Each structure stands twice: as structure tokens, then as C-alpha cells.
file work-v9.txt (compact mmCIF, C-alpha atoms)
# COMPACT_ATOMS: atom_id res chain seq x y z
CA MET A 1 -34.33 -4.22 -9.67
CA ALA A 2 -37.74 -2.51 -9.70
CA LYS A 3 -39.03 -1.24 -13.03
CA ILE A 4 -38.55 2.50 -13.51
CA SER A 5 -41.85 4.27 -14.16
CA GLU A 6 -42.33 6.66 -17.05
CA THR A 7 -43.09 9.45 -14.56
CA THR A 8 -39.74 8.90 -12.88
CA ARG A 9 -37.95 8.88 -16.23
CA LEU A 10 -39.58 12.17 -17.16
CA GLU A 11 -38.60 13.64 -13.79
CA PHE A 12 -34.99 12.64 -14.41
CA ALA A 13 -35.01 14.04 -17.95
CA GLU A 14 -36.37 17.33 -16.67
CA THR A 15 -33.88 17.49 -13.80
CA ILE A 16 -30.81 17.05 -15.99
CA LYS A 17 -31.86 19.64 -18.59
CA PRO A 18 -29.89 22.50 -16.97
CA TYR A 19 -26.78 20.31 -16.83
CA GLN A 20 -27.13 19.27 -20.46
CA SER A 21 -27.65 22.90 -21.44
CA LYS A 22 -24.39 23.90 -19.74
CA ILE A 23 -22.58 21.02 -21.44
CA THR A 24 -23.87 22.08 -24.85
CA ALA A 25 -22.89 25.70 -24.23
CA THR A 26 -19.38 24.80 -23.04
CA LEU A 27 -18.73 22.46 -25.95
CA GLY A 28 -19.97 25.17 -28.30
CA LYS A 29 -17.51 27.57 -26.71
CA GLU A 30 -14.79 24.95 -27.23
CA LYS A 31 -15.45 24.93 -30.99
CA THR A 32 -15.19 28.72 -31.12
CA VAL A 33 -11.90 28.71 -29.22
CA LEU A 34 -10.48 25.93 -31.42
CA ASN A 35 -11.36 27.96 -34.51
CA SER A 36 -9.45 30.86 -32.98
CA ILE A 37 -6.45 28.61 -32.25
CA ASN A 38 -6.51 27.15 -35.76
CA GLY A 39 -6.65 30.69 -37.08
CA GLY A 40 -3.28 31.40 -35.52
CA ALA A 41 -4.25 33.10 -32.23
CA SER A 42 -1.13 34.43 -30.50
CA ASP A 43 -2.41 33.26 -27.11
CA ALA A 44 -3.19 29.73 -28.31
CA PRO A 45 -1.21 27.99 -25.53
CA TYR A 46 -3.16 29.86 -22.85
CA LYS A 47 -6.41 29.04 -24.62
CA LYS A 48 -5.52 25.35 -24.40
CA LEU A 49 -5.08 25.67 -20.65
CA MET A 50 -8.52 27.26 -20.55
CA LEU A 51 -9.98 24.46 -22.68
CA CYS A 52 -8.52 21.89 -20.30
CA ASP A 53 -10.30 23.65 -17.43
CA ASP A 54 -13.54 23.77 -19.43
CA MET A 55 -13.36 20.04 -20.15
CA ILE A 56 -12.96 19.31 -16.43
CA TYR A 57 -16.13 21.35 -15.88
CA VAL A 58 -18.01 19.39 -18.56
CA ALA A 59 -16.86 16.09 -17.05
CA SER A 60 -18.16 17.25 -13.65
CA LEU A 61 -21.56 18.00 -15.22
CA TYR A 62 -21.74 14.48 -16.67
CA MET A 63 -20.81 13.03 -13.28
CA ALA A 64 -23.53 15.16 -11.69
CA GLN A 65 -26.01 13.59 -14.12
CA ASN A 66 -24.89 10.18 -12.93
CA SER A 67 -25.43 11.23 -9.30
CA LEU A 68 -28.95 12.40 -10.17
CA SER A 69 -29.61 9.13 -11.97
CA LEU A 70 -28.65 7.22 -8.84
CA LYS A 71 -30.83 9.47 -6.71
CA ILE A 72 -33.92 9.59 -8.94
CA LEU A 73 -33.80 6.36 -10.94
CA GLY A 74 -31.75 4.25 -8.56
CA VAL A 75 -29.37 3.18 -11.33
CA LYS A 76 -25.95 4.25 -12.55
CA ASN A 77 -25.89 6.29 -15.76
CA ASN A 78 -23.07 4.60 -17.66
CA ASP A 79 -23.64 6.76 -20.73
CA ALA A 80 -22.95 9.93 -18.73
CA LEU A 81 -19.91 8.35 -17.08
CA ASN A 82 -18.51 7.25 -20.43
CA GLU A 83 -18.94 10.79 -21.77
CA ALA A 84 -17.10 12.10 -18.72
CA ARG A 85 -14.29 9.64 -19.37
CA LYS A 86 -13.95 10.78 -22.99
CA ILE A 87 -14.02 14.42 -21.96
CA LEU A 88 -11.26 13.94 -19.38
CA TYR A 89 -9.10 12.41 -22.10
CA LYS A 90 -9.70 15.59 -24.10
CA ALA A 91 -8.63 17.68 -21.09
CA ILE A 92 -5.38 15.72 -20.90
CA ILE A 93 -4.81 15.96 -24.66
CA TYR A 94 -4.96 19.76 -24.48
CA LEU A 95 -2.13 19.65 -21.93
CA GLU A 96 -0.20 17.06 -23.94
CA GLU A 97 -0.30 19.42 -26.91
CA LEU A 98 1.38 22.02 -24.71
CA VAL A 99 4.01 20.01 -22.84
CA THR A 100 4.17 16.65 -24.70
CA ASN A 101 3.12 13.16 -23.59
CA VAL A 102 6.71 11.90 -23.15
CA ILE A 103 7.04 10.10 -19.83
CA ASP A 104 10.75 10.45 -19.05
CA ILE A 105 11.59 13.54 -21.09
CA PRO A 106 14.64 15.54 -19.92
CA TYR A 107 13.61 18.84 -18.31
CA SER A 108 15.85 20.72 -20.73
CA ASP A 109 13.74 19.45 -23.64
CA LEU A 110 10.69 21.25 -22.23
CA VAL A 111 12.21 24.73 -22.15
CA LYS A 112 10.54 25.86 -25.39
CA ASN A 113 7.20 24.43 -24.27
CA HIS A 114 7.32 26.37 -21.02
CA GLU A 115 8.26 29.58 -22.79
CA THR A 116 4.85 29.51 -24.49
CA ILE A 117 3.04 29.62 -21.11
CA GLN A 118 5.63 31.48 -19.04
CA ASP A 119 3.03 33.97 -17.76
CA LYS A 120 0.93 31.24 -16.16
CA PRO A 121 1.91 31.18 -12.43
CA ILE A 122 2.80 27.89 -10.83
CA ALA A 123 -0.09 28.30 -8.37
CA GLU A 124 -2.58 28.32 -11.26
CA ARG A 125 -0.90 25.34 -12.93
CA TYR A 126 -1.00 23.42 -9.65
CA TYR A 127 -4.68 24.29 -9.13
CA LEU A 128 -5.56 23.08 -12.64
CA ILE A 129 -3.66 19.82 -12.13
CA ARG A 130 -5.35 19.22 -8.78
CA LYS A 131 -8.79 19.78 -10.32
CA LEU A 132 -7.98 17.34 -13.13
CA GLY A 133 -6.71 14.71 -10.70
CA LEU A 134 -9.79 15.07 -8.50
CA ALA A 135 -12.10 14.66 -11.49
CA ILE A 136 -10.31 11.47 -12.56
CA ASN A 137 -10.51 10.04 -9.04
CA LEU A 138 -14.21 10.88 -8.72
CA LEU A 139 -14.92 9.26 -12.07
CA GLU A 140 -13.08 6.09 -11.10
CA ILE A 141 -15.10 5.92 -7.88
CA ALA A 142 -18.34 6.50 -9.82
CA PHE A 143 -17.59 3.61 -12.17
CA GLY A 144 -16.90 1.31 -9.22
CA ASP A 145 -14.38 -1.44 -8.46
CA ASN A 146 -15.76 -3.97 -10.95
CA SER A 147 -15.90 -1.60 -13.91
CA LYS A 148 -14.79 -2.83 -17.33
CA TRP A 149 -12.69 0.35 -17.46
CA LYS A 150 -10.55 -0.70 -14.47
CA TRP A 151 -7.33 -1.10 -16.44
CA SER A 152 -8.02 1.82 -18.75
CA PHE A 153 -7.77 4.06 -15.69
CA VAL A 154 -4.11 3.01 -15.45
CA GLU A 155 -3.58 4.70 -18.81
CA LEU A 156 -5.74 7.71 -17.94
CA LYS A 157 -3.92 8.24 -14.64
CA GLY A 158 -0.58 7.63 -16.33
CA ARG A 159 -1.22 10.30 -18.93
CA TYR A 160 -2.37 12.59 -16.14
CA ALA A 161 0.87 11.96 -14.23
CA VAL A 162 2.89 12.87 -17.33
CA VAL A 163 1.18 16.20 -17.99
CA ALA A 164 1.27 17.03 -14.27
CA LYS A 165 5.03 16.49 -14.33
CA ASN A 166 5.66 18.22 -17.64
CA LEU A 167 3.51 21.25 -16.85
CA ILE A 168 5.78 22.38 -14.01
CA ASP A 169 8.93 24.21 -15.09
CA MET A 170 11.36 22.22 -12.95
CA ARG A 171 14.44 24.10 -14.13
CA ASN A 172 13.09 27.25 -12.49
CA SER A 173 10.93 25.64 -9.80
CA VAL A 174 13.90 23.93 -8.17
CA LYS A 175 14.98 27.35 -6.90
CA ALA A 176 11.67 27.89 -5.16
CA TYR A 177 11.68 24.30 -3.87
CA PHE A 178 14.83 24.96 -1.84
CA ASP A 179 13.98 28.51 -0.71
CA PRO A 180 11.41 28.81 2.12
CA ASN A 181 11.45 32.58 1.62
CA ASN A 182 10.30 32.27 -1.99
CA GLU A 183 6.62 33.17 -2.49
CA ASP A 184 6.14 29.98 -4.53
CA TYR A 185 7.90 27.72 -2.01
CA GLU A 186 4.83 26.05 -0.49
CA THR A 187 3.04 25.58 -3.81
CA THR A 188 6.18 24.15 -5.41
CA VAL A 189 6.76 21.67 -2.58
CA LEU A 190 3.12 20.52 -2.70
CA TYR A 191 3.22 20.26 -6.50
CA VAL A 192 6.42 18.18 -6.44
CA ARG A 193 4.89 15.88 -3.81
CA LEU A 194 1.86 15.42 -6.04
CA ILE A 195 4.08 14.52 -9.00
CA ILE A 196 6.08 12.04 -6.92
CA LYS A 197 2.88 10.33 -5.79
CA GLN A 198 1.48 10.14 -9.33
CA LEU A 199 4.68 8.85 -10.92
CA GLU A 200 5.04 6.12 -8.31
CA ALA A 201 1.35 5.17 -8.62
CA SER A 202 1.60 5.00 -12.41
CA ALA A 203 4.74 2.87 -12.30
CA ALA A 204 2.98 0.44 -9.95
CA GLY A 205 -0.24 0.60 -11.99
CA TYR A 206 1.43 -0.33 -15.26
CA ARG A 207 3.42 -3.07 -13.52
CA ASP A 208 0.17 -4.52 -12.11
CA LYS A 209 -1.54 -4.20 -15.48
CA TYR A 210 1.31 -6.17 -17.05
CA GLU A 211 1.41 -8.86 -14.36
CA VAL A 212 -2.32 -9.33 -13.77
CA SER A 213 -3.98 -8.45 -17.06
CA THR A 214 -2.15 -7.98 -20.34
CA ARG A 215 1.38 -9.42 -20.18
CA ARG A 216 2.12 -6.82 -22.86
CA LEU A 217 5.72 -5.64 -22.90
CA ASP A 218 4.74 -2.06 -23.66
CA ASP A 219 2.90 -1.93 -20.32
CA MET A 220 6.04 -3.06 -18.51
CA ARG A 221 8.12 -0.60 -20.54
CA ASN A 222 5.81 2.20 -19.45
CA ALA A 223 6.16 1.09 -15.82
CA ILE A 224 9.94 1.38 -16.18
CA LYS A 225 9.66 4.77 -17.92
CA PHE A 226 7.66 6.10 -14.97
CA LEU A 227 10.39 4.89 -12.63
CA LEU A 228 12.99 6.66 -14.77
CA ALA A 229 10.91 9.86 -14.69
CA ARG A 230 10.75 9.50 -10.90
CA HIS A 231 14.53 9.05 -10.90
CA LYS A 232 14.98 12.30 -12.86
CA LEU A 233 12.81 14.13 -10.35
CA ALA A 234 14.76 12.71 -7.42
CA ILE A 235 17.99 13.94 -9.01
CA ALA A 236 16.46 17.37 -9.65
CA ILE A 237 15.54 17.86 -5.98
CA GLY A 238 18.78 16.42 -4.67
CA ASP A 239 17.24 13.25 -3.25
CA LYS A 240 20.29 11.07 -3.94
CA THR A 241 19.31 8.19 -1.68
CA ASN A 242 15.93 7.65 -3.30
CA ALA A 243 17.41 8.30 -6.74
CA GLU A 244 19.79 5.37 -6.29
CA GLU A 245 17.04 3.08 -4.97
CA ILE A 246 14.73 3.97 -7.85
CA LYS A 247 17.51 3.33 -10.36
CA LYS A 248 18.10 -0.12 -8.87
CA LYS A 249 14.37 -0.85 -8.95
CA ALA A 250 14.16 0.13 -12.61
CA LEU A 251 17.01 -2.25 -13.42
CA VAL A 252 15.31 -5.10 -11.55
CA TRP A 253 12.09 -4.46 -13.46
CA LYS A 254 13.95 -4.37 -16.77
CA ASP A 255 15.68 -7.66 -15.97
CA LYS A 256 12.27 -9.15 -15.13
CA MET A 257 10.84 -7.91 -18.42
CA ASP A 258 13.79 -9.24 -20.42
CA ALA A 259 13.51 -12.63 -18.69
CA ASP A 260 9.79 -12.80 -19.41
CA GLN A 261 10.41 -11.87 -23.03
CA LYS A 262 13.09 -14.53 -23.37
CA ALA A 263 10.87 -17.14 -21.75
CA GLY A 264 8.01 -16.20 -24.05
CA SER A 265 10.07 -16.41 -27.20
CA GLY A 266 11.40 -19.80 -26.14
CA ARG A 267 8.01 -21.43 -25.92
call {"tool": "encode", "arguments": {"input": "work-v9.txt", "output": "C-alpha cells"}}
result
Amino acid sequence: MAKISETTRLEFAETIKPYQSKITATLGKEKTVLNSINGGASDAPYKKLMLCDDMIYVASLYMAQNSLSLKILGVKNNDALNEARKILYKAIIYLEELVTNVIDIPYSDLVKNHETIQDKPIAERYYLIRKLGLAINLLEIAFGDNSKWKWSFVELKGRYAVVAKNLIDMRNSVKAYFDPNNEDYETTVLYVRLIIKQLEASAAGYRDKYEVSTRRLDDMRNAIKFLLARHKLAIAIGDKTNAEEIKKKALVWKDKMDADQKAGSGR
């Protein structure tokens, strides 16, 4: 790789200044909002949704810096990408604080959580979740196939799948899902399809992580939990055929895990 000249470095530093300025301003705003939340703001849950959106914006600015680094310097900016990764975790944490990080939680257990954000339309929730998912996918692409963070993206995407699932009020959304005349019908159907895709991908991701990388039982347990969450969703939307198949698959995976555990303890 050719040596980067000082002139080129200065050009890059000057080019990213506006991006860094926006990052600093947004993170400063975050501190102000958190002080308001900690002070007992009545609209704290809605502020956390806003903070999630702000963190997605900050992550996009860091990824833009990486793109400029590639364009101007000809090298990837791993520092910027790592900051984006940390910021996207923060975005997810703000949602976890609202609707929990429990993978296979019963929908009835989320009623109180949804009451705190009941004025947030499903269309806006879906838009936020789509933005978050896109940011995660773009970051994974930016890191590349041989990144040391390859398996950590299984966790990041898994946590994303959980908040995506828990953010939708399924107890009420099921009505819209089955009613083409409902104004939220299309959004609800698209949102449910997104959740299905993410739950299935996370189940497979944790299974692969267990088989190929860690052999840690908690990874396999998470894979099974994602299948069970997918099973709950299938039941909720009346998909009995898939619900039965998913249940069988979860049992097969559990038997595999138990057999592996027994074989390991017998060594």
C-alpha cells in the first residue's frame, strides 16, 4: 500500500470536520435529553425513541467518515467503524430499556411497556426499526467478510431482532394484520414479515456461531429461544402449520444441545 502523504491526511481531516461537528452536537444533545429523563420527564419513553433515532444518525456519520477515508486515503477507517458499532449498540439499548431484551417473552408481558409509548403509531415504529436494521447491515458490509467482528454481529443482529419484535404491540396489531380495510394493514404485514425474517436469521446465526466458532451452550440456547419466539409469532398470526414445524425444529435443536453437553461432560 502506498504511503499516505501529509497533504492527503490534512485534506481528509478537513473534509470530515463537518461530520465530526454534527456528531459532537448530537451527542451533546443526548446528554441534555438524558438529564431530562433522569430528572423524571413525563415523556421519557418517547425521548428514548428519539435518542435511538439520533444514535442511528450518529452511526451514519461515522460510516460516512469511513467512506471518505476510502475515497481520499484509500484505506478503511476502523476507528470510525468501531465508533459506529458502539453507537448502534446504544441505539438498541434505548429500545431495550423500553420493551426489554427478552427473546421469547409472552406478548401479554409487554402490555405495560407498550402503554408507555401508546401514542407512537406503528408506521413510525416500523420506520425506526427499518432505519436501525439498514444501519446495522451497512456497518457489517463496511467491516467486510473477514472482519474480527464477524460473530459479534450475530449478537448485534440478535438484539436488533428482539427489540424489533418487542416494539410492535402484537396484541393490538393482530387485528390490523387480518383486516385489509384497516389503515395500518399494510404496515403491520410488512412489519411482521420483517420480524419473521430477523427471528429466523438470528436463530440460524446463533446456531452457526455455536457450531462453527464457540461451542458455547448459551449460544445454542439463544438459537432455540429465537425459534420459540418465532413459534409464538406463528401462533399469534394463526400460522399453525409453520408453528408446528418450528416447534419440532426447536426440539431437535434442544436434543442436539443436550447430546453435545452430555458428550462434553463425559470426556
call {"tool": "closest_atom_pairs", "arguments": {"input": "work-v9.txt", "of": "range 62-144 of chain A", "to": "range 42-45 of chain A", "cutoff": "12 Å", "atoms": "only C-alpha atoms", "output": "Markdown table"}}
result
| residue | atom | partner | partner_atom | distance |
| --- | --- | --- | --- | --- |
| A:Tyr94 | CA | A:Pro45 | CA | 9.1 |
| A:Leu95 | CA | A:Pro45 | CA | 9.1 |
| A:Glu96 | CA | A:Pro45 | CA | 11.1 |
| A:Glu97 | CA | A:Pro45 | CA | 8.7 |
| A:Leu98 | CA | A:Pro45 | CA | 6.6 |
| A:Val99 | CA | A:Pro45 | CA | 9.9 |
| A:Lys112 | CA | A:Pro45 | CA | 11.9 |
| A:Asn113 | CA | A:Pro45 | CA | 9.2 |
| A:His114 | CA | A:Pro45 | CA | 9.8 |
| A:Glu115 | CA | A:Pro45 | CA | 10.0 |
| A:Thr116 | CA | A:Pro45 | CA | 6.3 |
| A:Ile117 | CA | A:Pro45 | CA | 6.3 |
| A:Gln118 | CA | A:Pro45 | CA | 10.1 |
| A:Asp119 | CA | A:Pro45 | CA | 10.7 |
| A:Lys120 | CA | A:Pro45 | CA | 10.1 |
call {"tool": "residues_around", "arguments": {"input": "work-v9.txt", "residues": "Met220 in chain A", "least_positions_apart": "3", "cutoff": "6 Å", "atoms": "only C-alpha atoms", "output": "list of chain:residue names"}}
result
A:Arg207, A:Tyr210, A:Leu217, A:Ala223
call {"tool": "residues_around", "arguments": {"input": "work-v9.txt", "residues": "Arg193 in chain A", "least_positions_apart": "2", "cutoff": "12 Å", "atoms": "all atoms listed in the file", "output": "list in words"}}
result
Tyr126, Arg130, Ala161, Ala164, Lys165, Tyr177, Glu186, Thr187, Thr188, Val189, Leu190, Tyr191, Ile195, Ile196, Lys197, Gln198, Leu199, Glu200, Arg230, Leu233, Ala234 and Ile237 of chain A
call {"tool": "atom_distance", "arguments": {"input": "work-v9.txt", "atom1": "CA of Glu6 in chain A", "atom2": "CA of Leu70 in chain A"}}
result
16.0 Å
call {"tool": "closest_residue", "arguments": {"input": "work-v9.txt", "among": "A:Asp219, A:Leu128, A:Lys225, A:Lys256", "to": "Ser152 in chain A", "atoms": "all atoms listed in the file"}}
result
A:Asp219
call {"tool": "closest_atom_pairs", "arguments": {"input": "work-v9.txt", "of": "range 56-101 of chain A", "to": "range 13-25 of chain A", "cutoff": "7 Å", "atoms": "all atoms listed in the file", "output": "CSV"}}
result
residue,atom,partner,partner_atom,distance
A:Val58,CA,A:Ile23,CA,5.6
A:Leu61,CA,A:Tyr19,CA,5.9
A:Gln65,CA,A:Ile16,CA,6.2
call {"tool": "residues_near_point", "arguments": {"input": "work-v9.txt", "point": "(11.0, 19.3, -22.4)", "cutoff": "10 Å", "atoms": "all atoms listed in the file", "output": "CSV table (one decimal) with C-alpha atoms, in the coordinates of the input"}}
result
chain,number,residue,atom,x,y,z
A,99,VAL,CA,4.0,20.0,-22.8
A,100,THR,CA,4.2,16.6,-24.7
A,102,VAL,CA,6.7,11.9,-23.2
A,104,ASP,CA,10.8,10.4,-19.0
A,105,ILE,CA,11.6,13.5,-21.1
A,106,PRO,CA,14.6,15.5,-19.9
A,107,TYR,CA,13.6,18.8,-18.3
A,108,SER,CA,15.8,20.7,-20.7
A,109,ASP,CA,13.7,19.4,-23.6
A,110,LEU,CA,10.7,21.2,-22.2
A,111,VAL,CA,12.2,24.7,-22.2
A,112,LYS,CA,10.5,25.9,-25.4
A,113,ASN,CA,7.2,24.4,-24.3
A,114,HIS,CA,7.3,26.4,-21.0
A,166,ASN,CA,5.7,18.2,-17.6
A,167,LEU,CA,3.5,21.2,-16.8
A,169,ASP,CA,8.9,24.2,-15.1
A,170,MET,CA,11.4,22.2,-13.0
call {"tool": "atom_distance", "arguments": {"input": "work-v9.txt", "atom1": "CA of Gly264 in chain A", "atom2": "CA of Arg215 in chain A"}}
result
10.2 Å
